[in-house]
Amino acid sequence: MSGWTISALRPAVAGLALGLTAASLTGVLAGVFWWGYAVVSITVVVAAGLALRWLRMPVIVTVAGQLAVLLGLVTTVFTPSVVPGPDSIAELAGVLARAAHQIRVGLPPLPESAESHCLVVLTIGLVAVAVDVLAMAAPACAGLVLLCVVIVPAVASARMLPWWSFALAAAGYALLLTVDTGCRQISWGETVGASQWFAGTPVAAGVMAIAMVVALTTGATATVVGTSRASHTPGRAAIPASGIGLNPFTSLRGQLSSGEAIPLLRVHGLRQRAYLRALTLSRFTAGTGWQPGPMDPAIPADDARTVRLPLPAGVTTPVVGPTVRVQIEPINYTDSWLPSYGYPLSLGGISPAWRYDPNAITVFSAQRQRAQPYSELGVLPQADPQLLRASGPAAGAAFTGVDPRYLEVGVVDPRVRELAARITAQTHTAFDATVVLTRWFTSPSSGFSYDLKTAPGTSGDALVDFLFTGHRGYCEQFASAVAIMLRTLGVPARVAVGFTPGTLTGNSRLVTTQDAHAWVEAWFPNAGWLPFDPTPLSDGRTVLPTYVVTAGVSPPAGIPAPAAPTLAVAPPSRPDARATTPQRPATGHSAGLELTAAGFLGFAVLAGITPMGVRGSRRRRRMRLVYAGGPRAVSAAWEEVLAESADRGVVPPDGETVRASAQRLVHDHGMDEPGQASLHILVRAVERSWYAAVSETGGPQVGSAVEIRGAVDAVVASMARCAPLNRKAKLLPRSVLTRSRTPGLRGR
Amino acid sequence: MPGRASPLSARDRPATRCGLTTRGWCLLATGAAVAVCAVLINERDLLRLAAFAVTLPLLALAVITRTQLGLHAERELVPSRTSAGSACEARLTLRFTGPRRSRVLLEDAVPRMLGGPHRAAVAPSSGDAEVTLSYPLRPAERRVHSLGPLIARVTDPLGLAQRSRTLAGISQLVVLPAVVPLAGLPAGGEPGAGPAANRSTDSGTGGDSLLVRDYRPGDDLRRVHWRTSARRDELMVRTEEWSEHSELTVLLDHRAQAHRGAGPASSLEYAVTLAASVYLHLRQRALRVRLVTVDGVVLADAEHTGEGALDALAALTMTDQRDLAGVPEPAGRCAVVAVLGALGSGAAERLLASQRRGRRNRAVLLDVAAWARPGDGQTAPPPAKAAQLLAAAGWSVVAAGPDQPPSSVWDQLCLDSSFLGSSFLGSAHSLGAPR
């Protein structure tokens with residue numbers, strides 16, 4: 001291997017590692033085409049570096065050349081001109097400014113566009129230059145640059161990066177280290193024996209795979225550490241100075257129980273009482289609770305002056321219900337969700353950073369921010385109970401129009417299903433079931449009570465604890481329980497988080513932290529998402545919608561709150577330990593998937609390496625015998641030679657003489673002269689060992705141990721030369737897999 | 001055997017050392033730092049990366065602790081005694097004691113003066129049970145060089161952990177001083193006796209070979225040979241010829257203060273070569289010679305072999321001693337041939353005080369200033385003053401410079417040097433050229 005090849009290998013592999021690492025950006029970039037652009041950019045930079053180094057340019061010139069080539073690439077692809085000039089630079093600056101605007105205004109992931117592609121080519125190209133320089137000097141340090149590439153999406157994305165992107169990045173870095181070590185060893189000095197480049201590859205692959213499995217397992221299990229920086233400041237809701245927001249559930253209880261009412265919003269122009277929705281939680285995970293689903297960032301919320309905001313899917317126009325036109329003035333409210341009433345039709349006076357997801361009916365932004373006063377024109381949906389009943393029973397055909405994720409239940413304790421079915425057994429339509437279930441929780445006969453302190457649980461499942469042992473809770477527990485029970489019945493449902501109407505002060509309503517609330521939204525054809533509140537609030541803050549009041553159904557009186565099978569007395573010192581359960585970071589859902597992936601990877605590695613490992617350990621055992629000398633050395637040597645032959649598919653039939661087998665080996669493997677000579681030595685030693693008379697000294701003279709060692713090594717080397725094994729045969733040696741009879745230690 | 005590094009015995013064989021490489025430590029530290037960051041900024045993605053970065057070196061360490069070197073080695077230097085500038089090679093005999101799965105990197109710590117560290121690699125499971133590697137050494141300077149140790153190293157395929165062991169200890173390569181052939185003996189052993197005159201024997205004095213020369217100021221009156229004086233009508237004194245019974249001391253000045261220059265082109269090397277050549281030359285003539293340094297160490301006496309003397313000279317290094325106080329006084333009728341570097345008058349007087357007057361003492365005074373490289377701090381005292389002092393005490397003195405071969409210096413010593421000494425008084429530099 002020439003010096004030039006070796007020096008070309010490092011930058012090439014470093015570029016490959018960067019390409020694999022760049023896959024992590026999938027957390028912040030939508031689509032897949034950007035990856036192609038990244039690969040092109042890396043390839044161009046690495047190729048330029050190779051060419052310049054081949055011309056023996058100094059490092060400074062090489063880097064400058066790479067940067068120039070990169071600039072040329074960007075202008076060629078993203079501007080009309082080919083040669084970078086003042087015009088194309090200005091145009092490029094415009095493209096980058098638009099990309100920066102997209103990043104500022106939009107939410108990750110950034111959609112595919114020429115701007116984002118240009119940004120990818122430019123940034124990845126610059127990183128490639130840095131990696132390329134480092135690869136020549138200290139390839140291990142290139143890992144720091146790769147780390148930075150991974151950190152960007154890790155920090156920007158609220159969720160954990162997919163396990164495969166991590167695996168790709170880690171594999172790329174390990175490959176870089178392996179190749180660099182190989183290069184160093186090759187260029188160490190003169191080499192004794194056949195120079196094998198990839199002798200260490202199986203070990204490297206094994207070490208890397210195990211480390212990867214450990215890392216993935218750590219990532220999946222160490223849930224103490226969250227996945228986004230934003231959700232980490234505990235108790236920030238209690239700090240009025242910095243502004244207060246409404247995280248889904250995390251701060252609800254803190255706000256409700258803090259005793260002090262901190263004003264959040266002032267609402268002007270609201271004539272009827274209605275719930276003010278901040279966001280909706282559409283994803284349910286057993287043991288974790290409700291979380292916001294993925295948001296669709298496609299629609300800017302501030303385009304309202306020209307275009308009406310779209311309605312949720314399945315809502316027919318005109319929408320039945322009163323129109324509201326309100327002015328909302330945030331006081332201490334700082335969050336990444338902007339509250340709105342009903343179905344917002346237009347929002348005025350908000351910054352371009354806010355986006356609108358019509359299905360979640362949520363106005364949101366990437367960062368928590370203090371909003372300016374804004375206005376909303378919206379509709380508070382109402383519906384005629386008769387029309388709602390017309391859509392038929394739950395899980396009927398009428399409910400297929402909704403996004404299926406609103407019907408996902410996942411793993412739910414069967415007792416919950418059974419309870420929901422029992423309560424709604426008398427009803428025939430989805431609407432009746434919803435009303436009955438909601439009112440069952442608020443009716444005194446069921447035995448549930450409102451309490452900011454939930455009862456201590458024992459089952460490890462907050463939902464089961466609430467329904468079957470505690471019977472105490474606040475809006476979070478009630479809304480969570482009813483929403484999931486509705487889904488088990490086949491009614492599309494979700495949890496809405498927001499505020500009760502607040503208190504009337506003069507012409508406006510004041511919403512404080514005490515008004516934080518959660519309720520249930522159920523979806524019905526034509527009407528869309530209708531609010532239902534199962535929480536038995538005692539202070540009259542509950543808004544009972546007309547369709548619930550006029551529904552004319554009531555919950556069956558004969559079903560009290562189900563009692564715990566055993567009387568669970570929990571230590572009173574932890575009165576509300578379970579209450580915090582649903583506040584876990586929002587990524588627990590991926591733990592199972594990642595564990596599976598890690599396990600699969602580990603299994604694949606084991607399965608792939610094991611036959612080779614078995615072969616290696618057998619070879620080592622035999623060679624130990626050979627090196628130890630003594631009576632068993634010769635037999636072990638012969639076994640090893642036969643195993644080498646079997647790896648190449650030649651197995652001498654049983655009962656053949658040693659001599660004949662040797663001839664077969666020579667013929668079938670086309671062994672060269674030194675191999676034949678050594679095989680001859682070995683055959684004579686075997687014959688003498690097996691058949692010669694025992695000498696006076698206690699064993700047959702079979703040639704010196706050194707001679708046999710040398711012979712075995714020479715025969716094996718000759719086979720490797722004349723009948724080389726391909727990769728598959730090395731990974732899956734036939735001598736192990738075909739279960740061939742290993743020649744036993746034959747004695748006399 | 002100086003050239004052969006014996007295989008280290010089982011008892012004092014150093015344990016193999018396993019540990020992380022610099023890269024391994026860096027990765028571990030990076031992993032730890034990333035883990036701390038992950039907790040601080042609450043990013044589990046980073047924690048995953050940290051786990052990978054920490055696990056990788058630890059696994060590599062686990063792998064490397066289970067990897068056997070499977071190798072023993074011996075080093076032999078052929079030849080182990082050589083002279084500067086001649087060819088020499090080191091032979092490493094590698095014996096394989098087991099199958100090797102990894103590439104073993106060998107590094108023999110060869111001093112820079114012999115060509116720098118030698119590196120070789122042993123491929124995994126190469127066929128031969130015993131392999132000899134040899135590489136050339138280029139000794140350029142007289143000294144006893146130490147080679148080694150030979151260290152074998154195995155790293156894991158990712159270069160994160162390594163295992164190393166000392167395979168062979170330290171071998172010594174003795175680079176002898178250059179020796180030049182000399183011819184002739186100092187005439188009559190006494191300055192002043194011309195070549196023609198010094199064989200004027202008196203047949204009447206029995207078998208003794210009697211030599212006479214002109215009287216010179218400072219000669220002992222008791223040694224005046226009155227009969228010859230009467231015949232020649234001038235004062236003649238008796239001298240004795242160097243014979244196989246004569247004893248002679250070669251005195252070598254190796255004070256750091258007295259020499260200039262560095263490496264093979266230093267005045268010390270010149271002095272060592274001259275002293276070695278004189279010593280061996282006189283030994284060949286069956287004289288009883290001792291080789292003594294100015295600090296009183298007897299490098300070789302009459303009983304030593306010539307090789308022993310050369311070995312001792314090979315190991316000679318400069319001394320920090322400043323004056324010549326320790327010069328041993330030769331016993332009996334022993335005369336001195338001194339090879340001296342820069343000699344201050346104080347040192348010269350010390351030298352004279354330690355030697356008995358009236359002997360046939362000779363000195364070669366090196367004009368060390370001529371060896372000095374630019375930037376050598378101290379200027380050397382010119383040899384003229386010391387030459388004057390020595391000559392006044394009856395020594396014959398020859399000056400030598402770097403462009404003067406040692407054989408010509410010896411020739412000058414052999415010549416009548418009585419007025420050579422006197423002309424020395426005039427100009428030190430004119431002495432540099434052979435007459």
# chains A, B, ... in the order shown; residues from 1 in each chain; ligands from 1
call {"tool": "interface_residues", "arguments": {"of": "chain B", "to": "chain A", "cutoff": "9 Å", "atoms": "only C-alpha atoms", "output": "PyMOL selection string"}}
result
chain B and resi 23+26-27+30+38-56+59-60+63+97-99+101-106+118-131+133+155-160
call {"tool": "residues_around", "arguments": {"residues": "segment 374-381 of chain A", "least_positions_apart": "5", "cutoff": "10 Å", "atoms": "only C-alpha atoms", "output": "PyMOL selection string"}}
result
chain A and resi 267-269+272+274-275+304+308-309+315+319-330+338-351+527-531+545
call {"tool": "closest_residue", "arguments": {"among": "A:Ile681, A:Gly85, A:Ser704, A:Ala156", "to": "Gly629 of chain A", "atoms": "only C-alpha atoms"}}
result
A:Ser704
call {"tool": "residues_around", "arguments": {"residues": "Lys728 of chain A", "least_positions_apart": "2", "cutoff": "12 Å", "atoms": "only C-alpha atoms", "output": "PDB file with C-alpha atoms, in the first residue's frame"}}
result
ATOM      1  CA  GLY A 608     -22.864 -12.464  12.666  1.00  0.00           C
ATOM      2  CA  ILE A 609     -19.732 -12.828  14.691  1.00  0.00           C
ATOM      3  CA  PRO A 611     -19.396 -18.579  13.916  1.00  0.00           C
ATOM      4  CA  MET A 612     -16.212 -16.663  13.306  1.00  0.00           C
ATOM      5  CA  ASP A 647     -13.335 -23.689   5.624  1.00  0.00           C
ATOM      6  CA  ARG A 648     -12.527 -23.857   1.932  1.00  0.00           C
ATOM      7  CA  PRO A 724      -7.992 -17.125  -0.198  1.00  0.00           C
ATOM      8  CA  LEU A 725     -11.243 -16.999   1.742  1.00  0.00           C
ATOM      9  CA  ASN A 726     -13.848 -14.444   0.816  1.00  0.00           C
ATOM     10  CA  LYS A 730     -14.440 -15.765   6.999  1.00  0.00           C
ATOM     11  CA  LEU A 731     -17.556 -14.550   8.795  1.00  0.00           C
ATOM     12  CA  LEU A 732     -19.331 -17.877   8.514  1.00  0.00           C
ATOM     13  CA  PRO A 733     -16.604 -20.523   8.416  1.00  0.00           C
ATOM     14  CA  ARG A 734     -17.864 -23.728   6.914  1.00  0.00           C
TER      15      ARG A 734
END
call {"tool": "atom_distance", "arguments": {"atom1": "atom CA of Asp296 of chain A", "atom2": "atom CA of Ala479 of chain A"}}
result
24.0 Å
call {"tool": "closest_residue", "arguments": {"among": "A:Thr500, A:Ser735, A:Ser88, A:Gln386", "to": "Glu640 of chain A", "atoms": "only C-alpha atoms"}}
result
A:Ser735
call {"tool": "residues_around", "arguments": {"residues": "Arg255 of chain B", "least_positions_apart": "4", "cutoff": "10 Å", "atoms": "only C-alpha atoms", "output": "CSV table (one decimal) with C-alpha atoms, in the first residue's frame"}}
result
chain,number,residue,atom,x,y,z
B,259,HIS,CA,39.4,20.6,25.5
B,268,LEU,CA,39.6,15.3,23.2
B,293,THR,CA,44.5,9.8,33.0
B,294,VAL,CA,45.1,13.0,34.7
B,295,ASP,CA,42.7,12.1,37.5
B,317,THR,CA,34.4,10.7,29.2
B,318,MET,CA,35.6,14.1,30.2
B,319,THR,CA,36.3,14.9,33.8
B,320,ASP,CA,35.4,18.1,35.6
B,321,GLN,CA,38.7,18.2,37.4
B,322,ARG,CA,40.3,21.5,36.8
B,323,ASP,CA,44.0,21.1,37.7
B,324,LEU,CA,46.5,18.3,37.4
B,340,LEU,CA,47.8,17.5,27.1
B,341,GLY,CA,45.0,19.9,26.2
B,342,ALA,CA,45.0,23.6,27.1
call {"tool": "residues_around", "arguments": {"residues": "Ala315 of chain B", "least_positions_apart": "6", "cutoff": "12 Å", "atoms": "only C-alpha atoms", "output": "compact mmCIF listing (two decimals) with C-alpha atoms, in the first residue's frame"}}
result
# COMPACT_ATOMS: atom_id res chain seq x y z
CA ARG B 81 33.14 -3.81 19.44
CA GLU B 141 31.69 8.57 17.66
CA ARG B 142 33.89 6.83 20.18
CA ARG B 143 31.91 5.90 23.25
CA VAL B 144 30.05 3.02 24.82
CA HIS B 145 26.57 3.29 23.33
CA SER B 146 23.58 1.76 25.05
CA GLN B 172 26.16 -2.04 24.73
CA LEU B 173 27.98 -1.16 21.58
CA VAL B 174 31.62 -0.30 22.26
CA VAL B 175 32.93 2.11 19.69
CA LEU B 176 36.69 2.11 20.02
CA PRO B 177 38.90 5.12 19.40
CA VAL B 272 42.39 9.92 22.79
CA LEU B 299 43.26 2.79 32.30
CA GLY B 308 41.38 -3.75 27.36
CA ALA B 309 43.05 -0.40 26.99
call {"tool": "residues_around", "arguments": {"residues": "Gly410 of chain A", "least_positions_apart": "2", "cutoff": "7 Å", "atoms": "only C-alpha atoms", "output": "ChimeraX atom specification"}}
result
/A:285,408,412
call {"tool": "residues_around", "arguments": {"residues": "Pro181 of chain B", "least_positions_apart": "3", "cutoff": "9 Å", "atoms": "only C-alpha atoms", "output": "PyMOL selection string"}}
result
chain B and resi 277-278+280-281+406-407
